[in-house]
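**Student:** Dropping a structure here in structure tokens format, bear with me for questions.
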Amino acid sequence: FKRLYIENIGSIESKTIDFTANPLGSASLFLISGPTGSGKSIILDAVCLALYGKAVRLEQVSNRDSYIDIEFNCAADGSISLSDPRQLVRRGTTSACAELVFDGNDGREYTASWNATRGKKKNLNTRLTASRHIKSADGSIDCNKENECNDCIASANVVGLKFDEFCRTTLLAQGEFTKFLDSDTKEKANILEKVTGTEKFSKIGELINIKCKEIQESARDRL
């Protein structure tokens, strides 16, 4: 990650975190700490919102019968799911944003953002809509549709992880590590390969096996 910008999400009104500037830039490891309600979890939520348009802790909320009628973050019919990321928008505001600048697996710089607005009128009683945008610094990638953004982030060149994989390996919510531990062996192997970048060795192994079989078949033919 290079830079994270948060506006009107949770307890944070406006904040930019530059991971390239000191002291963060020179630190190999750092701790996010502070009193309850200071916005520690919001930082992690903002990362997820920018990349995937979702928040880990809201995903843990069951959607069954979990709709409430509220005025400030309402859908067209006045209701909104408890797991909807628009729940994180600060009350009484007309817009919110989570923007993350990062280097992809291909070495290119990307900017991923999640935005929530109330339309042109900026009226607190109008519907709050959310949108996503992912673009590369060189202009070769520019996505603003949900499916396109999901495919872009999950591609090997960018992040290479789907939302569930990201939550089980990179951003672990409290008590969620058991999901990774409970995954079957093949699924864990696939996830770890993506995280560590060692999938190339599996491909090399497959090629070696193919070559060995070809050599064995050739030897049998000669006999």
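So you can find residues: chains in the structure tokens are A, B, ... in the order shown, residues in each start at 1, and ligands are numbered from 1 in order.
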Counting only C-alpha atoms, what is within 10 Å of Ser11 (chain A), bar same-chain residues fewer than 2 positions away, as a list in words?
**Tutor:**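 Once the adjacent positions are removed, what remains is Glu7, Asn8, Ile9, Glu13, Ser14, Gly37, Ser38, Gly39, Lys40, Ser41, Ile42, Leu88, Val89, Arg90 and Arg91 of chain A.
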**Student:** At a cut-off of 12 Å, using only C-alpha atoms, what residues contact Ala50 (chain A)? Leave out same-chain residues fewer than 3 positions from it and give the result as a PyMOL selection string.
**Tutor:** chain A and resi 1+3-7+9+42-47+53-55+85+96-102+110-116+130-135+149-150+153+163
**Student:** Generate the output file for the selected residues, N, CA and C atoms, as a tab-separated table (two decimals), in the first residue's frame.
**Tutor:**
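The resulting again.tsv:
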chain	number	residue	atom	x	y	z
A	1	PHE	N	0.83	-1.19	0.00
A	1	PHE	CA	0.00	0.00	0.00
A	1	PHE	C	0.88	1.25	0.00
A	3	ARG	N	-0.87	4.78	-0.24
A	3	ARG	CA	-1.60	5.88	0.39
A	3	ARG	C	-3.07	5.50	0.54
A	4	LEU	N	-3.65	5.85	1.69
A	4	LEU	CA	-5.07	5.58	1.96
A	4	LEU	C	-5.74	6.88	2.35
A	5	TYR	N	-6.82	7.21	1.65
A	5	TYR	CA	-7.59	8.41	1.96
A	5	TYR	C	-8.98	8.00	2.44
A	6	ILE	N	-9.39	8.56	3.56
A	6	ILE	CA	-10.69	8.24	4.16
A	6	ILE	C	-11.46	9.54	4.38
A	7	GLU	N	-12.71	9.55	3.94
A	7	GLU	CA	-13.56	10.73	4.16
A	7	GLU	C	-14.95	10.30	4.59
A	9	ILE	N	-16.19	8.28	6.87
A	9	ILE	CA	-16.48	6.87	7.12
A	9	ILE	C	-16.28	6.59	8.60
A	42	ILE	N	-11.84	1.28	11.34
A	42	ILE	CA	-12.27	2.01	10.16
A	42	ILE	C	-11.15	2.03	9.11
A	43	ILE	N	-9.90	2.07	9.56
A	43	ILE	CA	-8.78	2.05	8.62
A	43	ILE	C	-8.81	0.76	7.81
A	44	LEU	N	-9.04	-0.36	8.49
A	44	LEU	CA	-9.10	-1.66	7.81
A	44	LEU	C	-10.36	-1.76	6.95
A	45	ASP	N	-11.47	-1.21	7.46
A	45	ASP	CA	-12.71	-1.19	6.67
A	45	ASP	C	-12.50	-0.41	5.37
A	46	ALA	N	-11.78	0.72	5.47
A	46	ALA	CA	-11.56	1.57	4.31
A	46	ALA	C	-10.73	0.86	3.25
A	47	VAL	N	-9.75	0.07	3.68
A	47	VAL	CA	-8.94	-0.70	2.74
A	47	VAL	C	-9.83	-1.67	1.97
A	53	GLY	N	-15.29	-2.99	-2.18
A	53	GLY	CA	-16.62	-2.42	-1.99
A	53	GLY	C	-17.38	-3.09	-0.87
A	54	LYS	N	-16.67	-3.76	0.04
A	54	LYS	CA	-17.28	-4.46	1.17
A	54	LYS	C	-16.47	-4.19	2.43
A	55	ALA	N	-17.10	-4.44	3.59
A	55	ALA	CA	-16.41	-4.31	4.87
A	55	ALA	C	-16.51	-5.64	5.61
A	85	PRO	N	-22.39	-1.68	3.12
A	85	PRO	CA	-21.29	-0.78	3.51
A	85	PRO	C	-21.70	0.67	3.66
A	96	ALA	N	-19.08	10.23	1.00
A	96	ALA	CA	-18.03	9.48	1.70
A	96	ALA	C	-17.11	8.85	0.68
A	97	CYS	N	-15.87	8.58	1.09
A	97	CYS	CA	-14.90	8.04	0.15
A	97	CYS	C	-13.83	7.22	0.87
A	98	ALA	N	-13.44	6.12	0.24
A	98	ALA	CA	-12.27	5.34	0.67
A	98	ALA	C	-11.44	5.11	-0.59
A	99	GLU	N	-10.22	5.62	-0.60
A	99	GLU	CA	-9.37	5.52	-1.78
A	99	GLU	C	-8.01	4.97	-1.40
A	100	LEU	N	-7.57	3.94	-2.11
A	100	LEU	CA	-6.30	3.28	-1.82
A	100	LEU	C	-5.41	3.29	-3.06
A	101	VAL	N	-4.20	3.79	-2.88
A	101	VAL	CA	-3.18	3.76	-3.94
A	101	VAL	C	-2.19	2.67	-3.57
A	102	PHE	N	-1.94	1.75	-4.49
A	102	PHE	CA	-1.07	0.61	-4.18
A	102	PHE	C	-0.37	0.10	-5.43
A	110	TYR	N	-1.80	1.35	-8.93
A	110	TYR	CA	-3.25	1.35	-9.11
A	110	TYR	C	-3.90	2.24	-8.05
A	111	THR	N	-5.06	2.77	-8.40
A	111	THR	CA	-5.90	3.50	-7.45
A	111	THR	C	-7.28	2.87	-7.44
A	112	ALA	N	-7.68	2.39	-6.27
A	112	ALA	CA	-9.01	1.78	-6.10
A	112	ALA	C	-9.81	2.65	-5.15
A	113	SER	N	-11.05	2.92	-5.49
A	113	SER	CA	-11.86	3.80	-4.64
A	113	SER	C	-13.30	3.33	-4.53
A	114	TRP	N	-13.89	3.62	-3.39
A	114	TRP	CA	-15.32	3.40	-3.13
A	114	TRP	C	-15.90	4.74	-2.73
A	115	ASN	N	-16.97	5.15	-3.39
A	115	ASN	CA	-17.59	6.46	-3.11
A	115	ASN	C	-19.07	6.31	-2.85
A	116	ALA	N	-19.57	7.07	-1.92
A	116	ALA	CA	-21.00	7.12	-1.64
A	116	ALA	C	-21.44	8.58	-1.69
A	130	ALA	N	-23.78	4.14	-3.91
A	130	ALA	CA	-22.36	3.83	-3.84
A	130	ALA	C	-21.82	3.42	-5.20
A	131	SER	N	-20.55	3.71	-5.44
A	131	SER	CA	-19.91	3.35	-6.70
A	131	SER	C	-18.45	3.00	-6.45
A	132	ARG	N	-17.87	2.27	-7.41
A	132	ARG	CA	-16.47	1.88	-7.30
A	132	ARG	C	-15.71	2.30	-8.56
A	133	HIS	N	-14.40	2.46	-8.39
A	133	HIS	CA	-13.57	2.85	-9.53
A	133	HIS	C	-12.16	2.31	-9.31
A	134	ILE	N	-11.62	1.65	-10.31
A	134	ILE	CA	-10.25	1.13	-10.26
A	134	ILE	C	-9.54	1.53	-11.53
A	135	LYS	N	-8.37	2.12	-11.39
A	135	LYS	CA	-7.61	2.54	-12.57
A	135	LYS	C	-6.12	2.37	-12.30
A	149	CYS	N	-14.69	-4.40	-11.70
A	149	CYS	CA	-13.81	-4.09	-10.57
A	149	CYS	C	-13.42	-5.36	-9.82
A	150	ASN	N	-14.39	-6.25	-9.61
A	150	ASN	CA	-14.10	-7.50	-8.91
A	150	ASN	C	-13.10	-8.35	-9.69
A	153	ILE	N	-9.47	-6.67	-9.55
A	153	ILE	CA	-8.77	-6.86	-8.27
A	153	ILE	C	-8.33	-8.30	-8.11
A	163	PHE	N	-12.42	-11.46	-2.51
A	163	PHE	CA	-12.71	-10.87	-1.21
A	163	PHE	C	-12.57	-11.89	-0.08
**Student:** Quick check, in Å to one decimal: how far apart do CA of Asn105 (chain A) and CA of Val159 (chain A) lie?
**Tutor:**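 Here the two named atoms are 6.2 Å from each other.
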**Student:** Using only C-alpha atoms, which residue out of A:Ile80, A:Ile12, A:Ala189, A:Leu31 lies closest to Glu165 (chain A)?
**Tutor:**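 Distance minimum relative to Glu165 (chain A) lands on A:Ala189.
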**Student:** How many Å separate CA of Ile17 (chain A) from CA of Ile32 (chain A)?
**Tutor:**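 CA of Ile32 (chain A) lies at a distance of 11.8 Å from CA of Ile17 (chain A).
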**Student:** I'd like the contact shell of Cys152 (chain A) - 10 Å cut-off, only C-alpha atoms, skipping same-chain residues fewer than 3 positions apart - returned as number ranges by chain.
**Tutor:** A: 51, 134-135, 141-143, 146-149, 155-162
